[in-house]
>>> print(open('work-v2.pdb').read())   # PDB, C-alpha atoms
ATOM      1  CA  MET A   1       8.411  19.107  -4.712  1.00  0.00           C
ATOM      2  CA  ALA A   2       8.678  15.430  -3.714  1.00  0.00           C
ATOM      3  CA  LEU A   3       5.531  13.456  -3.058  1.00  0.00           C
ATOM      4  CA  ASN A   4       4.967  12.031   0.368  1.00  0.00           C
ATOM      5  CA  LEU A   5       2.876   8.966  -0.492  1.00  0.00           C
ATOM      6  CA  VAL A   6       1.074   7.361   2.428  1.00  0.00           C
ATOM      7  CA  ASP A   7      -0.658   3.989   2.358  1.00  0.00           C
ATOM      8  CA  ILE A   8      -4.332   3.911   3.305  1.00  0.00           C
ATOM      9  CA  PRO A   9      -4.874   1.172   5.900  1.00  0.00           C
ATOM     10  CA  THR A  10      -6.937  -1.567   4.278  1.00  0.00           C
ATOM     11  CA  ALA A  11      -7.822  -5.038   5.449  1.00  0.00           C
ATOM     12  CA  SER A  12      -6.726  -6.759   2.264  1.00  0.00           C
ATOM     13  CA  GLY A  13      -5.019  -9.396   4.415  1.00  0.00           C
ATOM     14  CA  GLY A  14      -8.228 -10.884   5.779  1.00  0.00           C
ATOM     15  CA  TRP A  15      -8.855 -11.432   9.469  1.00  0.00           C
ATOM     16  CA  PHE A  16      -6.446 -12.521  12.204  1.00  0.00           C
ATOM     17  CA  LYS A  17      -7.396 -15.931  13.587  1.00  0.00           C
ATOM     18  CA  PRO A  18      -5.863 -16.428  17.057  1.00  0.00           C
ATOM     19  CA  LYS A  19      -6.574 -20.171  17.078  1.00  0.00           C
ATOM     20  CA  ASP A  20      -4.324 -20.631  14.019  1.00  0.00           C
ATOM     21  CA  ASN A  21      -1.434 -18.865  15.768  1.00  0.00           C
ATOM     22  CA  LEU A  22      -1.681 -20.338  19.258  1.00  0.00           C
ATOM     23  CA  ASP A  23       1.709 -22.080  19.009  1.00  0.00           C
ATOM     24  CA  ALA A  24       3.579 -19.235  17.286  1.00  0.00           C
ATOM     25  CA  VAL A  25       7.002 -18.415  18.736  1.00  0.00           C
ATOM     26  CA  ALA A  26       6.581 -14.683  18.042  1.00  0.00           C
ATOM     27  CA  ILE A  27       4.111 -12.354  16.347  1.00  0.00           C
ATOM     28  CA  LEU A  28       5.252  -8.907  15.224  1.00  0.00           C
ATOM     29  CA  LEU A  29       2.287  -6.531  14.891  1.00  0.00           C
ATOM     30  CA  GLU A  30       2.821  -3.234  13.078  1.00  0.00           C
ATOM     31  CA  VAL A  31      -0.437  -1.407  13.759  1.00  0.00           C
ATOM     32  CA  HIS A  32      -1.694   1.043  11.120  1.00  0.00           C
ATOM     33  CA  ASP A  33      -5.238   1.871  12.186  1.00  0.00           C
ATOM     34  CA  PHE A  34      -7.753   1.465  14.991  1.00  0.00           C
ATOM     35  CA  GLU A  35     -11.479   2.048  14.570  1.00  0.00           C
ATOM     36  CA  ARG A  36     -13.796   2.062  17.543  1.00  0.00           C
ATOM     37  CA  GLN A  37     -17.169   0.314  17.077  1.00  0.00           C
ATOM     38  CA  ARG A  38     -16.828  -0.385  13.361  1.00  0.00           C
ATOM     39  CA  PRO A  39     -20.143  -1.683  11.934  1.00  0.00           C
ATOM     40  CA  THR A  40     -20.048  -5.424  11.144  1.00  0.00           C
ATOM     41  CA  PRO A  41     -22.748  -8.032  10.359  1.00  0.00           C
ATOM     42  CA  MET A  42     -22.317  -9.267  13.972  1.00  0.00           C
ATOM     43  CA  GLY A  43     -22.802  -5.785  15.437  1.00  0.00           C
ATOM     44  CA  PRO A  44     -20.288  -2.983  16.077  1.00  0.00           C
ATOM     45  CA  LYS A  45     -16.756  -4.060  17.037  1.00  0.00           C
ATOM     46  CA  ASP A  46     -13.507  -2.356  17.870  1.00  0.00           C
ATOM     47  CA  SER A  47     -11.150  -3.128  15.014  1.00  0.00           C
ATOM     48  CA  ALA A  48      -7.431  -2.779  14.319  1.00  0.00           C
ATOM     49  CA  VAL A  49      -5.582  -3.105  11.005  1.00  0.00           C
ATOM     50  CA  ALA A  50      -1.982  -4.297  11.194  1.00  0.00           C
ATOM     51  CA  ASP A  51       0.796  -5.898   9.218  1.00  0.00           C
ATOM     52  CA  VAL A  52       1.204  -9.266  10.934  1.00  0.00           C
ATOM     53  CA  THR A  53       4.537 -11.110  10.822  1.00  0.00           C
ATOM     54  CA  ILE A  54       4.337 -14.580  12.363  1.00  0.00           C
ATOM     55  CA  PHE A  55       7.240 -16.825  13.306  1.00  0.00           C
ATOM     56  CA  LYS A  56       5.370 -20.118  13.733  1.00  0.00           C
ATOM     57  CA  SER A  57       8.449 -22.130  14.733  1.00  0.00           C
ATOM     58  CA  HIS A  58      11.989 -21.718  16.024  1.00  0.00           C
ATOM     59  CA  GLU A  59      13.154 -22.886  12.582  1.00  0.00           C
ATOM     60  CA  GLN A  60      11.398 -19.944  10.902  1.00  0.00           C
ATOM     61  CA  LEU A  61      12.923 -17.656  13.519  1.00  0.00           C
ATOM     62  CA  ASP A  62      16.439 -19.028  12.947  1.00  0.00           C
ATOM     63  CA  LYS A  63      16.082 -18.655   9.167  1.00  0.00           C
ATOM     64  CA  LEU A  64      14.441 -15.212   9.567  1.00  0.00           C
ATOM     65  CA  ALA A  65      11.681 -16.477   7.262  1.00  0.00           C
ATOM     66  CA  PRO A  66       8.298 -15.611   8.815  1.00  0.00           C
ATOM     67  CA  GLU A  67       4.814 -15.606   7.331  1.00  0.00           C
ATOM     68  CA  VAL A  68       3.865 -11.994   6.555  1.00  0.00           C
ATOM     69  CA  THR A  69       0.361 -10.669   5.967  1.00  0.00           C
ATOM     70  CA  LYS A  70      -0.139  -7.003   5.134  1.00  0.00           C
ATOM     71  CA  GLY A  71      -3.293  -5.250   6.293  1.00  0.00           C
ATOM     72  CA  GLN A  72      -4.823  -7.929   8.487  1.00  0.00           C
ATOM     73  CA  ARG A  73      -7.918  -6.969  10.510  1.00  0.00           C
ATOM     74  CA  ILE A  74      -8.017  -7.870  14.211  1.00  0.00           C
ATOM     75  CA  GLU A  75     -11.480  -7.753  15.792  1.00  0.00           C
ATOM     76  CA  GLN A  76     -11.387 -10.031  18.840  1.00  0.00           C
ATOM     77  CA  THR A  77     -12.488  -7.782  21.713  1.00  0.00           C
ATOM     78  CA  VAL A  78      -9.434  -7.762  23.996  1.00  0.00           C
ATOM     79  CA  LEU A  79      -6.914  -8.181  21.177  1.00  0.00           C
ATOM     80  CA  SER A  80      -8.144  -5.163  19.243  1.00  0.00           C
ATOM     81  CA  LYS A  81      -8.573  -2.896  22.284  1.00  0.00           C
ATOM     82  CA  ASP A  82      -4.982  -3.592  23.366  1.00  0.00           C
ATOM     83  CA  LEU A  83      -3.791  -2.259  20.001  1.00  0.00           C
ATOM     84  CA  GLU A  84      -5.578   1.101  20.214  1.00  0.00           C
ATOM     85  CA  GLY A  85      -2.558   2.827  21.729  1.00  0.00           C
ATOM     86  CA  VAL A  86      -0.075   1.151  19.377  1.00  0.00           C
ATOM     87  CA  VAL A  87      -1.209   2.816  16.103  1.00  0.00           C
ATOM     88  CA  GLY A  88       1.923   3.846  14.229  1.00  0.00           C
ATOM     89  CA  GLY A  89       4.085   1.499  16.310  1.00  0.00           C
ATOM     90  CA  ALA A  90       4.807  -2.184  16.704  1.00  0.00           C
ATOM     91  CA  VAL A  91       4.618  -4.862  19.402  1.00  0.00           C
ATOM     92  CA  LEU A  92       6.192  -8.296  19.719  1.00  0.00           C
ATOM     93  CA  VAL A  93       3.754 -10.762  21.235  1.00  0.00           C
ATOM     94  CA  THR A  94       2.273 -14.241  21.249  1.00  0.00           C
ATOM     95  CA  VAL A  95      -1.418 -15.045  21.609  1.00  0.00           C
ATOM     96  CA  THR A  96      -3.008 -17.192  24.309  1.00  0.00           C
ATOM     97  CA  GLN A  97      -6.340 -17.776  26.007  1.00  0.00           C
ATOM     98  CA  VAL A  98      -7.301 -17.019  29.594  1.00  0.00           C
ATOM     99  CA  PRO A  99     -10.140 -18.781  31.387  1.00  0.00           C
ATOM    100  CA  PRO A 100     -13.467 -16.972  31.673  1.00  0.00           C
ATOM    101  CA  SER A 101     -13.953 -14.812  34.765  1.00  0.00           C
ATOM    102  CA  LYS A 102     -17.583 -15.931  35.124  1.00  0.00           C
ATOM    103  CA  PRO A 103     -18.937 -19.495  35.079  1.00  0.00           C
ATOM    104  CA  GLY A 104     -20.311 -20.399  31.652  1.00  0.00           C
ATOM    105  CA  GLY A 105     -18.316 -17.664  29.915  1.00  0.00           C
ATOM    106  CA  TYR A 106     -15.981 -18.076  26.985  1.00  0.00           C
ATOM    107  CA  PRO A 107     -12.183 -17.941  27.330  1.00  0.00           C
ATOM    108  CA  ALA A 108     -10.708 -14.634  26.149  1.00  0.00           C
ATOM    109  CA  TRP A 109      -7.911 -14.282  23.606  1.00  0.00           C
ATOM    110  CA  VAL A 110      -5.100 -12.069  24.921  1.00  0.00           C
ATOM    111  CA  TRP A 111      -1.672 -10.885  23.783  1.00  0.00           C
ATOM    112  CA  LYS A 112       1.350 -11.953  25.808  1.00  0.00           C
ATOM    113  CA  GLN A 113       4.554  -9.899  25.492  1.00  0.00           C
ATOM    114  CA  VAL A 114       7.591 -11.837  24.288  1.00  0.00           C
ATOM    115  CA  ALA A 115      10.043 -11.669  27.179  1.00  0.00           C
ATOM    116  CA  ASP A 116      12.787 -13.974  25.844  1.00  0.00           C
ATOM    117  CA  PRO A 117      15.699 -11.702  24.807  1.00  0.00           C
ATOM    118  CA  GLY A 118      16.941 -14.280  22.267  1.00  0.00           C
ATOM    119  CA  ILE A 119      13.613 -14.252  20.410  1.00  0.00           C
ATOM    120  CA  ARG A 120      13.400 -10.438  20.614  1.00  0.00           C
ATOM    121  CA  ASN A 121      16.912 -10.096  19.169  1.00  0.00           C
ATOM    122  CA  GLN A 122      16.131 -12.483  16.283  1.00  0.00           C
ATOM    123  CA  VAL A 123      12.962 -10.551  15.392  1.00  0.00           C
ATOM    124  CA  LEU A 124      14.860  -7.243  15.575  1.00  0.00           C
ATOM    125  CA  LYS A 125      17.523  -8.767  13.301  1.00  0.00           C
ATOM    126  CA  TYR A 126      14.763  -9.736  10.833  1.00  0.00           C
ATOM    127  CA  ALA A 127      13.322  -6.190  10.956  1.00  0.00           C
ATOM    128  CA  ASP A 128      16.775  -4.660  10.388  1.00  0.00           C
ATOM    129  CA  GLN A 129      17.378  -6.926   7.363  1.00  0.00           C
ATOM    130  CA  ARG A 130      13.924  -6.116   5.969  1.00  0.00           C
ATOM    131  CA  ASN A 131      14.529  -2.377   6.363  1.00  0.00           C
ATOM    132  CA  ALA A 132      17.995  -2.635   4.793  1.00  0.00           C
ATOM    133  CA  ALA A 133      16.517  -4.475   1.792  1.00  0.00           C
ATOM    134  CA  LEU A 134      13.858  -1.769   1.451  1.00  0.00           C
ATOM    135  CA  GLN A 135      16.473   1.012   1.560  1.00  0.00           C
ATOM    136  CA  ALA A 136      18.586  -0.822  -1.027  1.00  0.00           C
ATOM    137  CA  ALA A 137      15.554  -1.141  -3.312  1.00  0.00           C
ATOM    138  CA  VAL A 138      14.764   2.563  -2.944  1.00  0.00           C
ATOM    139  CA  ALA A 139      18.402   3.471  -3.672  1.00  0.00           C
ATOM    140  CA  ALA A 140      18.417   1.238  -6.767  1.00  0.00           C
ATOM    141  CA  ALA A 141      15.177   2.702  -8.132  1.00  0.00           C
ATOM    142  CA  PRO A 142      15.588   5.057 -11.105  1.00  0.00           C
ATOM    143  CA  SER A 143      15.206   8.765 -10.571  1.00  0.00           C
ATOM    144  CA  PHE A 144      12.607  10.468 -12.743  1.00  0.00           C
ATOM    145  CA  ASP A 145      13.670  14.008 -11.852  1.00  0.00           C
TER     146      ASP A 145
END
>>> encode(input="work-v2.pdb", output="structure tokens")
Amino acid sequence: MALNLVDIPTASGGWFKPKDNLDAVAILLEVHDFERQRPTPMGPKDSAVADVTIFKSHEQLDKLAPEVTKGQRIEQTVLSKDLEGVVGGAVLVTVTQVPPSKPGGYPAWVWKQVADPGIRNQVLKYADQRNAALQAAVAAAPSFD
């Protein structure tokens, strides 16, 4: 009987910092877990764990050479809640801020879908190459049967 090994979602990739990715061309989020009201030192927060692939520039996109972080925790209120329904899937977005709805409030971080078909196609090309490399590695692995 073959083993069906499954990774346990862990936040070994630290925390997602929207401010550091404000100018990113594309962010591919592969969401593994969502936890409602997870206890934190700052009080309970909704929290998502995702593999985050960031294309910070058009050059990185053209070379298909993004920055990849496995198991990154996302806890900003709107950002994490938007990922609740994406567990087990992926989204292609950028991150931006919207002005506060009330005077004296703080701007909110929000995801913005990538609409440019050229960028979407490049990211899909990257994902296809990554998956092909993974399949080739699995095929090249020795069999212990």
>>> resolve_selection(input="work-v2.pdb", expression="the PyMOL selection byres ((chain A and resi 28) around 8)", output="list of chain:residue names")
A:Ala26, A:Ile27, A:Leu29, A:Glu30, A:Val52, A:Thr53, A:Ile54, A:Ala90, A:Val91, A:Leu92, A:Val93, A:Val123
>>> resolve_selection(input="work-v2.pdb", expression="the PyMOL selection byres ((chain A and resi 115) around 12)", output="JSON, numbers by chain")
{"A": [25, 26, 91, 92, 93, 94, 112, 113, 114, 116, 117, 118, 119, 120, 121]}
>>> resolve_selection(input="work-v2.pdb", expression="the PyMOL selection byres ((chain A and resi 19) around 12)", output="list of chain:residue names")
A:Trp15, A:Phe16, A:Lys17, A:Pro18, A:Asp20, A:Asn21, A:Leu22, A:Asp23, A:Ala24, A:Gln76, A:Thr94, A:Val95, A:Thr96, A:Gln97, A:Pro107, A:Ala108, A:Trp109, A:Val110
>>> atom_distance(input="work-v2.pdb", atom1="atom CA of Ser47 of chain A", atom2="atom CA of Thr69 of chain A")
16.5 Å
>>> atom_distance(input="work-v2.pdb", atom1="atom CA of Gln122 of chain A", atom2="atom CA of Phe55 of chain A")
10.3 Å
>>> closest_residue(input="work-v2.pdb", among="A:Val98, A:Leu83, A:Val138, A:Leu124", to="Asp46 of chain A", atoms="only C-alpha atoms")
A:Leu83
>>> atom_distance(input="work-v2.pdb", atom1="atom CA of Glu75 of chain A", atom2="atom CA of Met42 of chain A")
11.1 Å
>>> residues_near_point(input="work-v2.pdb", point="(-5.4, -2.4, 9.7)", cutoff="12 Å", atoms="only C-alpha atoms", output="count of residues only")
37
